[in-house]
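As stored in upload.txt (compact mmCIF, C-alpha atoms and all ligand atoms):
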# COMPACT_ATOMS: atom_id res chain seq x y z
CA MET A 1070 -100.23 -32.53 -131.65
CA LYS A 1071 -101.09 -32.39 -127.96
CA PHE A 1072 -103.48 -34.62 -126.05
CA THR A 1073 -106.69 -32.89 -125.21
CA VAL A 1074 -107.24 -34.57 -121.81
CA ASP A 1075 -104.80 -34.51 -118.90
CA ALA A 1076 -103.16 -37.80 -118.07
CA THR A 1077 -103.76 -39.16 -114.57
CA ASP A 1078 -100.86 -40.00 -112.29
CA GLU A 1079 -101.34 -43.69 -113.07
CA THR A 1080 -101.02 -43.15 -116.80
CA LYS A 1081 -97.77 -41.28 -116.18
CA SER A 1082 -96.32 -43.88 -113.82
CA ILE A 1083 -93.72 -46.50 -114.67
CA ARG A 1084 -95.34 -49.89 -115.34
CA SER A 1085 -94.82 -53.51 -116.24
CA LEU A 1086 -95.75 -54.58 -119.73
CA VAL A 1087 -97.96 -57.67 -119.93
CA ALA A 1088 -98.51 -59.42 -123.24
CA ALA A 1089 -102.18 -60.33 -123.69
CA PRO A 1090 -102.84 -62.04 -127.03
CA GLU A 1091 -106.17 -63.12 -125.50
CA PHE A 1092 -106.96 -59.57 -124.47
CA GLU A 1093 -110.42 -60.12 -123.02
CA SER A 1094 -109.51 -63.04 -120.75
CA GLY A 1095 -106.33 -61.24 -119.67
CA LEU A 1096 -108.33 -58.19 -118.68
CA GLU A 1097 -110.88 -60.34 -116.89
CA PHE A 1098 -108.09 -62.07 -114.89
CA PHE A 1099 -106.51 -58.83 -113.67
CA VAL A 1100 -109.77 -57.00 -112.98
CA ASN A 1101 -112.08 -59.69 -111.59
CA LYS A 1102 -109.62 -62.15 -110.12
CA LEU A 1103 -106.88 -59.84 -108.85
CA GLY A 1104 -108.83 -56.65 -108.18
CA PHE A 1105 -107.03 -54.28 -110.54
CA LYS A 1106 -108.81 -51.10 -111.64
CA ILE A 1107 -108.92 -49.92 -115.23
CA VAL A 1108 -107.18 -46.56 -115.46
CA MET A 1109 -107.35 -46.26 -119.25
CA ILE A 1110 -108.52 -48.52 -122.05
CA SER A 1111 -108.51 -48.11 -125.84
CA PRO A 1112 -110.03 -48.23 -128.29
CA ALA A 1113 -113.48 -48.41 -126.75
CA ASP A 1114 -115.09 -50.60 -129.42
CA ASN A 1115 -112.43 -53.33 -129.64
CA PRO A 1116 -109.85 -52.78 -126.87
CA ASN A 1117 -106.28 -53.97 -127.30
CA TYR A 1118 -104.46 -51.82 -124.74
CA ALA A 1119 -105.26 -51.01 -121.10
CA ILE A 1120 -103.51 -49.46 -118.14
CA LEU A 1121 -104.47 -51.20 -114.90
CA ASN A 1122 -103.57 -50.35 -111.35
CA ARG A 1123 -103.79 -51.87 -107.92
CA ASP A 1124 -102.20 -50.35 -104.81
CA GLN A 1125 -99.09 -48.67 -106.22
CA PHE A 1126 -98.57 -51.24 -108.97
CA THR A 1127 -99.38 -50.38 -112.56
CA ILE A 1128 -99.40 -52.67 -115.61
CA ALA A 1129 -100.00 -52.07 -119.29
CA LEU A 1130 -101.95 -54.92 -120.86
CA ASP A 1131 -101.08 -55.01 -124.53
CA LYS A 1132 -102.56 -57.38 -127.11
CA SER A 1133 -99.67 -56.92 -129.53
CA ALA A 1134 -96.78 -56.86 -127.06
CA LYS A 1135 -94.08 -59.49 -127.12
CA ALA A 1136 -93.05 -59.79 -123.46
CA GLN A 1137 -92.09 -62.54 -121.03
CA PRO A 1138 -94.84 -63.57 -118.60
CA LEU A 1139 -94.91 -61.59 -115.37
CA SER A 1140 -94.43 -62.91 -111.82
CA ILE A 1141 -96.09 -60.93 -109.06
CA GLU A 1142 -96.28 -61.27 -105.29
CA ILE A 1143 -99.48 -60.26 -103.56
CA PRO A 1144 -99.15 -59.70 -99.81
CA ILE A 1145 -102.23 -60.88 -97.93
CA GLU A 1146 -103.44 -61.16 -94.35
CA ASP A 1147 -105.45 -64.35 -95.05
CA GLN A 1148 -103.08 -67.18 -94.10
CA SER A 1149 -105.13 -69.84 -95.95
CA LEU A 1150 -104.11 -68.52 -99.38
CA ILE A 1151 -100.40 -68.41 -98.61
CA GLY A 1152 -98.50 -70.91 -100.68
CA THR A 1153 -101.14 -71.10 -103.41
CA ASP A 1154 -100.02 -69.95 -106.83
CA LEU A 1155 -102.26 -68.70 -109.60
CA ILE A 1156 -101.46 -68.65 -113.30
CA GLY A 1157 -103.26 -66.19 -115.54
CA PRO A 1158 -104.28 -66.72 -119.17
CA ASN A 1159 -101.21 -64.84 -120.38
CA GLY A 1160 -98.81 -66.84 -118.19
CA THR A 1161 -98.86 -64.30 -115.35
CA ARG A 1162 -97.78 -66.10 -112.20
CA VAL A 1163 -99.27 -64.84 -108.94
CA LYS A 1164 -97.78 -65.80 -105.60
CA TYR A 1165 -99.60 -65.00 -102.35
CA VAL A 1166 -97.20 -64.12 -99.55
CA PRO A 1167 -97.52 -62.97 -95.92
CA VAL A 1168 -97.58 -59.19 -95.43
CA ILE A 1169 -94.28 -59.44 -93.58
CA LYS A 1170 -92.00 -62.18 -94.75
CA ARG A 1171 -90.72 -64.02 -91.71
CA GLN A 1172 -88.34 -66.89 -91.92
CA ASN A 1173 -89.69 -70.08 -90.39
CA GLN A 1174 -88.06 -70.36 -87.02
CA VAL A 1175 -86.33 -73.54 -86.02
CA ILE A 1176 -87.54 -73.97 -82.48
CA ASP A 1177 -86.27 -77.39 -81.58
CA LEU A 1178 -82.53 -76.78 -81.34
CA HIS A 1179 -80.65 -78.42 -78.54
CA PRO A 1180 -79.00 -75.90 -76.18
CA ILE A 1181 -75.25 -75.64 -76.69
CA VAL A 1182 -72.39 -73.41 -75.69
CA HIS A 1183 -70.35 -71.71 -78.38
CA VAL A 1184 -66.97 -70.06 -77.85
CA SER A 1185 -65.83 -67.51 -80.47
CA ARG A 1186 -62.14 -66.76 -80.48
CA ILE A 1187 -60.91 -63.40 -81.68
CA SER A 1188 -57.83 -65.26 -82.95
CA ASP A 1189 -59.79 -67.25 -85.53
CA THR A 1190 -62.18 -64.51 -86.43
CA GLN A 1191 -63.47 -64.03 -89.94
CA TRP A 1192 -64.61 -60.52 -90.76
CA VAL A 1193 -67.29 -60.33 -93.43
CA HIS A 1194 -67.91 -57.15 -95.38
CA GLY A 1195 -71.47 -55.87 -95.07
CA ARG A 1196 -73.27 -52.75 -96.28
CA ALA A 1197 -72.09 -49.14 -95.82
CA GLY A 1198 -68.44 -50.00 -95.12
CA MET A 1199 -69.31 -52.16 -92.10
CA SER A 1200 -67.47 -55.38 -91.29
CA TYR A 1201 -69.16 -58.11 -89.28
CA ARG A 1202 -67.87 -60.88 -87.10
CA SER A 1203 -70.38 -63.43 -85.84
CA LEU A 1204 -70.23 -64.19 -82.12
CA THR A 1205 -72.80 -66.95 -82.49
CA GLY A 1206 -70.79 -68.80 -85.17
CA ASN A 1207 -73.11 -70.75 -87.44
CA HIS A 1208 -75.63 -71.10 -84.63
CA ASN A 1209 -77.66 -68.08 -85.68
CA GLU A 1210 -81.00 -69.65 -86.62
CA ILE A 1211 -82.85 -68.00 -83.74
CA SER A 1212 -80.81 -65.06 -82.46
CA VAL A 1213 -77.68 -63.39 -83.69
CA ALA A 1214 -74.81 -61.59 -81.99
CA SER A 1215 -72.19 -59.73 -84.00
CA GLN A 1216 -69.20 -57.51 -83.53
CA ILE A 1217 -69.50 -54.70 -86.08
CA ARG A 1218 -66.65 -52.45 -87.11
CA ILE A 1219 -66.27 -49.34 -89.27
CA GLU A 1220 -62.66 -48.38 -89.80
CA GLY A 1221 -61.46 -44.79 -89.51
CA SER A 1222 -63.86 -41.85 -89.32
CA GLY A 1223 -66.36 -40.39 -91.73
CA LYS A 1224 -69.91 -40.18 -92.99
CA VAL A 1225 -71.86 -43.46 -93.09
CA ALA A 1226 -73.90 -44.22 -96.21
CA ASP A 1227 -76.99 -45.19 -94.19
CA TRP A 1228 -80.61 -44.12 -94.67
CA VAL A 1229 -83.73 -43.94 -92.49
CA HIS A 1230 -84.80 -47.51 -91.76
CA TYR A 1231 -86.36 -49.78 -89.12
CA HIS A 1232 -86.31 -53.42 -88.14
CA ASP A 1233 -89.01 -56.03 -87.46
CA VAL A 1234 -87.39 -57.43 -84.32
CA SER A 1235 -88.52 -58.45 -80.86
CA PHE A 1236 -85.29 -57.50 -79.05
CA GLN A 1237 -82.30 -55.57 -80.33
CA THR A 1238 -79.49 -53.93 -78.41
CA LEU A 1239 -76.21 -52.21 -79.32
CA PHE A 1240 -73.19 -51.71 -77.09
CA CYS A 1241 -70.27 -49.50 -78.16
CA ILE A 1242 -66.87 -51.02 -77.33
CA ASN A 1243 -64.65 -48.66 -79.32
CA GLY A 1244 -64.77 -45.31 -81.11
CA SER A 1245 -68.06 -43.46 -81.42
CA ALA A 1246 -70.90 -42.74 -83.83
CA LYS A 1247 -73.41 -39.99 -84.47
CA LEU A 1248 -76.89 -41.51 -84.47
CA VAL A 1249 -80.40 -40.18 -84.84
CA TYR A 1250 -83.66 -41.86 -83.75
CA GLU A 1251 -87.33 -41.18 -84.37
CA ASP A 1252 -88.94 -38.95 -81.70
CA GLN A 1253 -85.68 -38.71 -79.71
CA GLY A 1254 -84.61 -35.21 -80.72
CA GLU A 1255 -81.34 -34.07 -82.23
CA PRO A 1256 -78.58 -36.50 -83.32
CA PHE A 1257 -76.36 -37.62 -80.44
CA MET A 1258 -73.00 -39.29 -79.89
CA PHE A 1259 -72.95 -42.99 -79.10
CA LYS A 1260 -69.66 -43.47 -77.26
CA GLU A 1261 -67.51 -46.27 -75.89
CA GLY A 1262 -69.37 -47.93 -72.99
CA ASP A 1263 -72.79 -46.64 -74.13
CA CYS A 1264 -75.68 -48.99 -74.75
CA ILE A 1265 -78.89 -48.58 -76.75
CA LEU A 1266 -82.17 -50.44 -76.82
CA GLN A 1267 -83.56 -50.25 -80.33
CA PRO A 1268 -87.29 -50.94 -79.93
CA PRO A 1269 -89.17 -52.72 -82.75
CA GLY A 1270 -90.10 -50.34 -85.55
CA ILE A 1271 -88.20 -47.23 -84.43
CA ARG A 1272 -86.85 -45.27 -87.41
CA HIS A 1273 -83.15 -44.55 -87.17
CA GLN A 1274 -80.04 -43.68 -89.12
CA VAL A 1275 -76.29 -43.86 -88.57
CA LEU A 1276 -74.90 -40.51 -89.70
CA GLU A 1277 -71.17 -40.67 -88.96
CA SER A 1278 -68.66 -42.90 -87.27
CA PHE A 1279 -65.38 -41.97 -85.58
CA ASP A 1280 -62.10 -43.58 -84.54
CA ASP A 1281 -62.66 -47.20 -85.63
CA LEU A 1282 -66.16 -47.68 -84.29
CA GLU A 1283 -66.85 -51.13 -82.84
CA VAL A 1284 -70.24 -52.25 -81.64
CA ILE A 1285 -71.65 -55.46 -80.22
CA GLU A 1286 -75.15 -55.99 -81.61
CA VAL A 1287 -77.57 -58.65 -80.39
CA THR A 1288 -80.85 -59.27 -82.20
CA THR A 1289 -83.74 -61.68 -82.11
CA PRO A 1290 -85.19 -63.04 -84.33
CA ALA A 1291 -82.05 -63.46 -86.41
CA ASN A 1292 -83.98 -63.53 -89.67
CA HIS A 1293 -85.88 -60.28 -89.54
CA ALA A 1294 -86.89 -57.76 -92.16
CA THR A 1295 -85.41 -54.27 -92.44
CA PHE A 1296 -87.60 -51.60 -94.02
CA SER A 1297 -86.63 -48.24 -95.51
CA ASP A 1298 -88.73 -45.21 -94.66
CA PHE A 1299 -88.31 -42.70 -97.47
CA ASN A 1300 -91.05 -40.47 -96.06
CA MET A 1301 -89.34 -39.67 -92.80
CA GLU A 1302 -86.42 -37.34 -92.36
CA LEU A 1303 -84.49 -37.51 -89.13
CA PRO A 1304 -84.42 -35.72 -86.77
CA ASN A 1305 -88.23 -35.46 -87.04
CA SER A 1306 -90.15 -32.60 -85.46
CA THR A 1307 -91.85 -34.68 -82.73
CA VAL A 1308 -89.97 -35.29 -79.51
CA ALA A 1309 -91.60 -38.02 -77.42
CA ARG A 1310 -88.86 -39.73 -75.44
CA THR A 1311 -91.21 -42.00 -73.52
CA ARG A 1312 -93.05 -43.20 -76.62
CA ASN A 1313 -94.01 -46.85 -76.61
CA PHE A 1314 -92.81 -48.76 -79.68
CA ASN A 1315 -94.51 -52.17 -79.64
CA GLY A 1316 -94.20 -52.46 -75.87
CA GLN A 1317 -90.66 -51.07 -75.63
CA GLN A 1318 -89.01 -47.68 -75.21
CA PHE A 1319 -85.87 -46.28 -76.72
CA THR A 1320 -83.04 -45.85 -74.25
CA HIS A 1321 -79.50 -44.52 -74.56
CA ASP A 1322 -77.71 -45.73 -71.47
CA THR A 1323 -74.35 -44.22 -70.49
CA PRO A 1324 -71.76 -45.59 -68.03
CA ASN A 1325 -72.16 -42.75 -65.49
CA SER A 1326 -75.84 -43.66 -64.95
CA ARG A 1327 -75.02 -47.20 -63.76
CA GLU A 1328 -74.95 -48.26 -60.13
CA PRO A 1329 -72.51 -50.99 -59.02
CA VAL A 1330 -73.92 -54.12 -57.38
CA THR A 1331 -72.29 -57.42 -56.44
CA TYR A 1332 -72.66 -59.89 -59.28
CA LYS A 1333 -74.51 -63.02 -58.12
CA ASN A 1334 -72.63 -64.33 -55.05
CA SER A 1335 -69.19 -63.43 -56.32
CA THR A 1336 -66.52 -61.92 -54.09
CA SER A 1337 -64.71 -60.27 -57.00
CA LEU A 1338 -67.27 -59.27 -59.62
CA THR A 1339 -69.27 -56.05 -59.77
CA ALA A 1340 -72.21 -55.67 -62.14
CA TYR A 1341 -73.20 -52.33 -63.63
CA GLY A 1342 -76.78 -52.79 -64.78
CA THR A 1343 -78.14 -50.77 -67.71
CA SER A 1344 -81.62 -49.42 -68.36
CA ILE A 1345 -82.12 -51.94 -71.19
CA GLY A 1346 -84.14 -54.27 -68.94
CA GLU A 1347 -86.68 -51.65 -67.97
CA ALA A 1348 -86.88 -50.13 -71.47
CA SER A 1349 -87.51 -53.51 -73.06
CA GLY A 1350 -90.35 -54.33 -70.66
CA ASN A 1351 -88.00 -56.85 -69.01
CA GLN A 1352 -87.60 -58.86 -72.18
CA GLY A 1353 -83.84 -58.93 -71.70
CA TRP A 1354 -80.94 -57.24 -69.97
CA VAL A 1355 -77.44 -55.89 -70.52
CA ASN A 1356 -74.84 -55.75 -67.73
CA GLU A 1357 -71.27 -54.63 -67.73
CA ILE A 1358 -69.31 -56.75 -65.26
CA HIS A 1359 -65.95 -55.72 -63.82
CA GLY A 1360 -63.60 -58.01 -61.96
CA SER A 1361 -61.32 -56.81 -59.20
CA VAL A 1362 -58.54 -58.79 -57.59
CA SER A 1363 -57.24 -57.60 -54.27
CA GLU A 1364 -54.05 -59.15 -52.95
CA GLY A 1365 -54.34 -62.15 -50.70
CA THR A 1366 -57.95 -62.93 -51.61
CA ARG A 1367 -58.60 -66.32 -53.12
CA LEU A 1368 -61.32 -66.26 -55.70
CA THR A 1369 -64.11 -68.73 -55.25
CA PRO A 1370 -65.68 -70.02 -58.47
CA THR A 1371 -68.86 -68.14 -59.34
CA SER A 1372 -71.71 -70.01 -60.97
CA ILE A 1373 -73.03 -67.99 -63.91
CA SER A 1374 -75.85 -70.50 -64.66
CA PRO A 1375 -79.29 -68.89 -64.56
CA GLU A 1376 -82.08 -69.55 -62.08
CA LYS A 1377 -84.68 -69.64 -64.84
CA PRO A 1378 -84.23 -70.85 -68.45
CA LEU A 1379 -83.06 -68.12 -70.81
CA SER A 1380 -83.54 -68.01 -74.57
CA PHE A 1381 -80.14 -66.50 -75.20
CA PHE A 1382 -77.01 -65.61 -73.24
CA LEU A 1383 -73.78 -63.89 -74.30
CA TRP A 1384 -70.57 -62.99 -72.55
CA PHE A 1385 -68.27 -60.82 -74.62
CA ILE A 1386 -64.86 -60.38 -72.97
CA ASN A 1387 -64.10 -56.70 -73.36
CA GLN A 1388 -60.84 -56.61 -71.45
CA GLY A 1389 -58.51 -58.88 -69.46
CA SER A 1390 -58.72 -62.65 -69.27
CA ALA A 1391 -60.39 -65.39 -67.25
CA GLN A 1392 -60.52 -69.12 -66.67
CA ILE A 1393 -63.92 -70.64 -67.04
CA GLU A 1394 -65.43 -74.07 -66.74
CA VAL A 1395 -68.32 -74.59 -69.04
CA GLU A 1396 -70.11 -77.90 -69.63
CA GLU A 1397 -67.10 -79.81 -68.23
CA ARG A 1398 -64.66 -77.96 -70.48
CA GLU A 1399 -61.95 -75.67 -69.19
CA GLU A 1400 -61.29 -72.61 -71.26
CA THR A 1401 -59.13 -69.53 -71.01
CA VAL A 1402 -60.86 -66.54 -72.54
CA SER A 1403 -59.40 -63.13 -73.16
CA SER A 1404 -60.26 -59.78 -74.71
CA GLY A 1405 -62.35 -60.20 -77.89
CA ASP A 1406 -63.46 -63.76 -77.12
CA ALA A 1407 -67.12 -64.54 -76.56
CA ILE A 1408 -69.09 -67.30 -74.88
CA CYS A 1409 -72.58 -67.74 -76.15
CA PHE A 1410 -75.63 -69.93 -75.50
CA PRO A 1411 -77.44 -69.29 -78.80
CA TYR A 1412 -80.24 -71.88 -78.30
CA GLY A 1413 -80.98 -71.15 -74.68
CA PHE A 1414 -79.24 -71.36 -71.34
CA LEU A 1415 -80.84 -73.78 -68.92
CA PRO A 1416 -80.32 -73.81 -65.14
CA SER A 1417 -78.94 -77.35 -65.54
CA MET A 1418 -76.11 -76.12 -67.77
CA GLU A 1419 -72.85 -75.52 -65.98
CA PHE A 1420 -70.88 -72.34 -66.39
CA PHE A 1421 -68.38 -71.30 -63.68
CA LEU A 1422 -65.99 -68.41 -63.61
CA VAL A 1423 -62.98 -69.98 -61.91
CA ASP A 1424 -60.43 -67.20 -62.09
CA HIS A 1425 -59.83 -63.81 -63.71
CA ASP A 1426 -57.28 -61.01 -63.74
CA SER A 1427 -57.78 -57.49 -62.40
CA GLU A 1428 -58.39 -56.10 -65.89
CA PHE A 1429 -61.34 -58.41 -66.47
CA LYS A 1430 -64.38 -56.70 -68.00
CA VAL A 1431 -67.23 -58.52 -69.64
CA LEU A 1432 -70.39 -57.49 -71.42
CA GLU A 1433 -73.40 -59.68 -70.58
CA VAL A 1434 -76.49 -59.77 -72.78
CA ALA A 1435 -79.39 -62.10 -72.05
CA PHE A 1436 -83.07 -62.53 -72.80
FE FE B 1 -80.58 -50.36 -88.05
The structure given in the file should be rewritten as C-alpha cells.
Amino acid sequence: MKFTVDATDETKSIRSLVAAPEFESGLEFFVNKLGFKIVMISPADNPNYAILNRDQFTIALDKSAKAQPLSIEIPIEDQSLIGTDLIGPNGTRVKYVPVIKRQNQVIDLHPIVHVSRISDTQWVHGRAGMSYRSLTGNHNEISVASQIRIEGSGKVADWVHYHDVSFQTLFCINGSAKLVYEDQGEPFMFKEGDCILQPPGIRHQVLESFDDLEVIEVTTPANHATFSDFNMELPNSTVARTRNFNGQQFTHDTPNSREPVTYKNSTSLTAYGTSIGEASGNQGWVNEIHGSVSEGTRLTPTSISPEKPLSFFLWFINQGSAQIEVEEREETVSSGDAICFPYGFLPSMEFFLVDHDSEFKVLEVAF
C-alpha cells in the first residue's frame, strides 16, 4: 500500500525521538514555549504522535515511545536568558546559549616573558596529520602562537572552514603548501618566507603540503570557534581581492615585496616589514629581522621594548643565535627558540638584544 499524500521534507528528515506520556502538555511545551511548528500530527481526534520542527531541527513526539529525555541547546541573541535552563514536562532539558560560543576571557593576567626552547619541545598531534608545538607554553588564555608541522608531502584532509578570530597570521618557515581562499582566485603556493593574514571569517582550505611544511601561526583570541562551510566550494567563482572581511583584507606577502629598513636604532639589524599591518587595519604586524655582523664593529645592545603597550609580542628565532637580556635574565637563544610576551608587552619591560651571529634571523609578530 502506498501513501496517498506526498511527505514533506520535514517528515522525511532524520529526527530525535521524544517520549511524551503526557502528550498534550508535551506538545504545548514544544509549540507554545519553544516555538516549534507542527509538521504532522495523528490521529486527529486523539493525537499520540507528532512531527515538530524548528529551524533545521526535527523531533517526533511519541506518546508510547520509551526514550531518554532530550537535551537541546537554543542559540539566542538575548543575553538575559543565557544561563537559564528550562525543563519540559517530559524531562526535556533546554539550555539557552549565545549564538557564538566564546570562552570567557581572562583579562587580568600579569605580563610575563616566556621562553620556549626547541630542545624541550613537546609536539602534540592535531587534526589532518598536523603536529603542534606551543610557543606560548601554558600561557595561552588570551592569544596563542604555535609551530605547526606536516611531515613529508601529500594531500591534506582539510575542508572549507573559517575562524571567529580578531587577528590571525601564518608564516611559512619550511616546505610549502597549496592553499585556497575565498574570493582570492585559484589555489596558490605558500612558500618558505611567505606570510598570510587570514581575516576573520574568510573561507579557506589547505589542499596539499610539501617537503615537511612548517608554519608559525599566531591567533587571538586563543579560544575561538572554527566553522565548516559545506555550501562553499573553493576556488569560488567570485574574485574580489580587496574585499573587506570584518575590517581586514586577505594578504599573501612574499619576501621579494619587502623593503629593508633599519630596525629601531640598531647598527646591525635590518627589518623587512610585511603587508600584514596594512591588511589588518593596523591591528598587528609581522617583520622579518636579519642580523649582519661586519668585522671590527662592536654591537651595541638594542632595546626591543615597545614605545606603547602591546597585547602580544613574539620573537621566533628562525636561524642563527643571539644573546638577550630580558627582565634581568640573560639568555642565549638559537634557531627554533621563541621569546614571547603572551599577556602583553609594556614599555617598562626590559628586553635587549646584546649580541648575535651573522646568521641571525628572527620572525617578529606583535599586536
Ligand atoms: Fe584554518
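Across A:Asp1233, A:Asp1406, A:Glu1394, A:Glu1079, the tightest approach to A:Arg1123 is made by A:Glu1079 when counting all atoms listed in the file.
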Fill in: Nearest-residue call for ligand FE 1 (chain B), choices A:Pro1268, A:Gly1389, A:Pro1370, A:Gly1095, using all atoms listed in the file
A:Pro1268
Output as JSON lines one row per residue of chain A within 8 Å of ligand FE 1 (chain B): the closest atom pair and its distance in Å to one decimal place, counting only C-alpha atoms and all ligand atoms, sorted by chain and residue number ascending.
{"residue": "A:His1230", "atom": "CA", "partner": "B:FE1", "partner_atom": "FE", "distance": 6.3}
{"residue": "A:Tyr1231", "atom": "CA", "partner": "B:FE1", "partner_atom": "FE", "distance": 5.9}
{"residue": "A:His1232", "atom": "CA", "partner": "B:FE1", "partner_atom": "FE", "distance": 6.5}
{"residue": "A:His1273", "atom": "CA", "partner": "B:FE1", "partner_atom": "FE", "distance": 6.4}
{"residue": "A:Gln1274", "atom": "CA", "partner": "B:FE1", "partner_atom": "FE", "distance": 6.8}
{"residue": "A:Val1275", "atom": "CA", "partner": "B:FE1", "partner_atom": "FE", "distance": 7.8}
{"residue": "A:Thr1295", "atom": "CA", "partner": "B:FE1", "partner_atom": "FE", "distance": 7.6}
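You will find atom CA of A:Val1100 at 13.3 Å from atom CA of A:Thr1161.
From atom CA of A:Cys1241 back to atom CA of A:Lys1333, the distance works out to 24.5 Å.
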Fill in: Best match for closeness to A:Asn1325 among A:Pro1290, A:Gly1342, A:Pro1116, A:Gly1365, counting only C-alpha atoms
A:Gly1342
Save N, CA and C atoms of stretch 1149-1170 of chain A from the block above as a short mmCIF file (atom, residue, chain, number, x, y, z; two decimals), in the first residue's frame.
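Writing the result to decode.cif gives the following:
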data_model
loop_
_atom_site.label_atom_id
_atom_site.label_comp_id
_atom_site.auth_asym_id
_atom_site.auth_seq_id
_atom_site.Cartn_x
_atom_site.Cartn_y
_atom_site.Cartn_z
N SER A 1149 19.95 38.09 28.30
CA SER A 1149 19.36 37.92 29.63
C SER A 1149 18.91 36.48 29.90
N LEU A 1150 18.65 35.72 28.83
CA LEU A 1150 18.19 34.34 29.01
C LEU A 1150 19.34 33.34 29.15
N ILE A 1151 20.55 33.81 28.78
CA ILE A 1151 21.68 32.88 28.77
C ILE A 1151 21.99 32.41 30.19
N GLY A 1152 22.13 31.13 30.32
CA GLY A 1152 22.39 30.55 31.64
C GLY A 1152 21.13 30.00 32.29
N THR A 1153 19.95 30.38 31.77
CA THR A 1153 18.72 29.83 32.34
C THR A 1153 18.39 28.52 31.65
N ASP A 1154 18.03 27.54 32.43
CA ASP A 1154 17.65 26.23 31.89
C ASP A 1154 16.15 26.06 32.05
N LEU A 1155 15.59 25.26 31.16
CA LEU A 1155 14.15 25.02 31.18
C LEU A 1155 13.96 23.51 31.14
N ILE A 1156 13.03 23.00 31.95
CA ILE A 1156 12.78 21.56 31.86
C ILE A 1156 11.33 21.33 31.47
N GLY A 1157 11.13 20.59 30.40
CA GLY A 1157 9.80 20.34 29.87
C GLY A 1157 9.10 19.23 30.64
N PRO A 1158 7.81 19.04 30.37
CA PRO A 1158 7.02 18.04 31.09
C PRO A 1158 7.51 16.61 30.88
N ASN A 1159 8.20 16.38 29.76
CA ASN A 1159 8.71 15.03 29.50
C ASN A 1159 10.20 14.92 29.82
N GLY A 1160 10.70 15.86 30.64
CA GLY A 1160 12.11 15.81 31.05
C GLY A 1160 13.05 16.50 30.08
N THR A 1161 12.52 17.02 28.99
CA THR A 1161 13.36 17.72 28.01
C THR A 1161 14.07 18.90 28.69
N ARG A 1162 15.39 18.91 28.56
CA ARG A 1162 16.17 19.98 29.17
C ARG A 1162 16.60 20.96 28.08
N VAL A 1163 16.26 22.24 28.27
CA VAL A 1163 16.59 23.26 27.28
C VAL A 1163 17.63 24.20 27.88
N LYS A 1164 18.68 24.42 27.14
CA LYS A 1164 19.76 25.31 27.59
C LYS A 1164 19.85 26.45 26.59
N TYR A 1165 19.77 27.68 27.05
CA TYR A 1165 19.94 28.83 26.16
C TYR A 1165 21.42 29.21 26.12
N VAL A 1166 21.95 29.33 24.92
CA VAL A 1166 23.38 29.63 24.76
C VAL A 1166 23.57 30.81 23.82
N PRO A 1167 24.73 31.49 23.89
CA PRO A 1167 24.98 32.57 22.93
C PRO A 1167 25.07 32.01 21.52
N VAL A 1168 24.78 32.82 20.53
CA VAL A 1168 24.81 32.38 19.13
C VAL A 1168 26.20 31.84 18.79
N ILE A 1169 27.22 32.59 19.19
CA ILE A 1169 28.58 32.08 19.03
C ILE A 1169 29.14 31.87 20.42
N LYS A 1170 29.59 30.65 20.64
CA LYS A 1170 30.12 30.31 21.96
C LYS A 1170 31.53 30.88 22.10
#
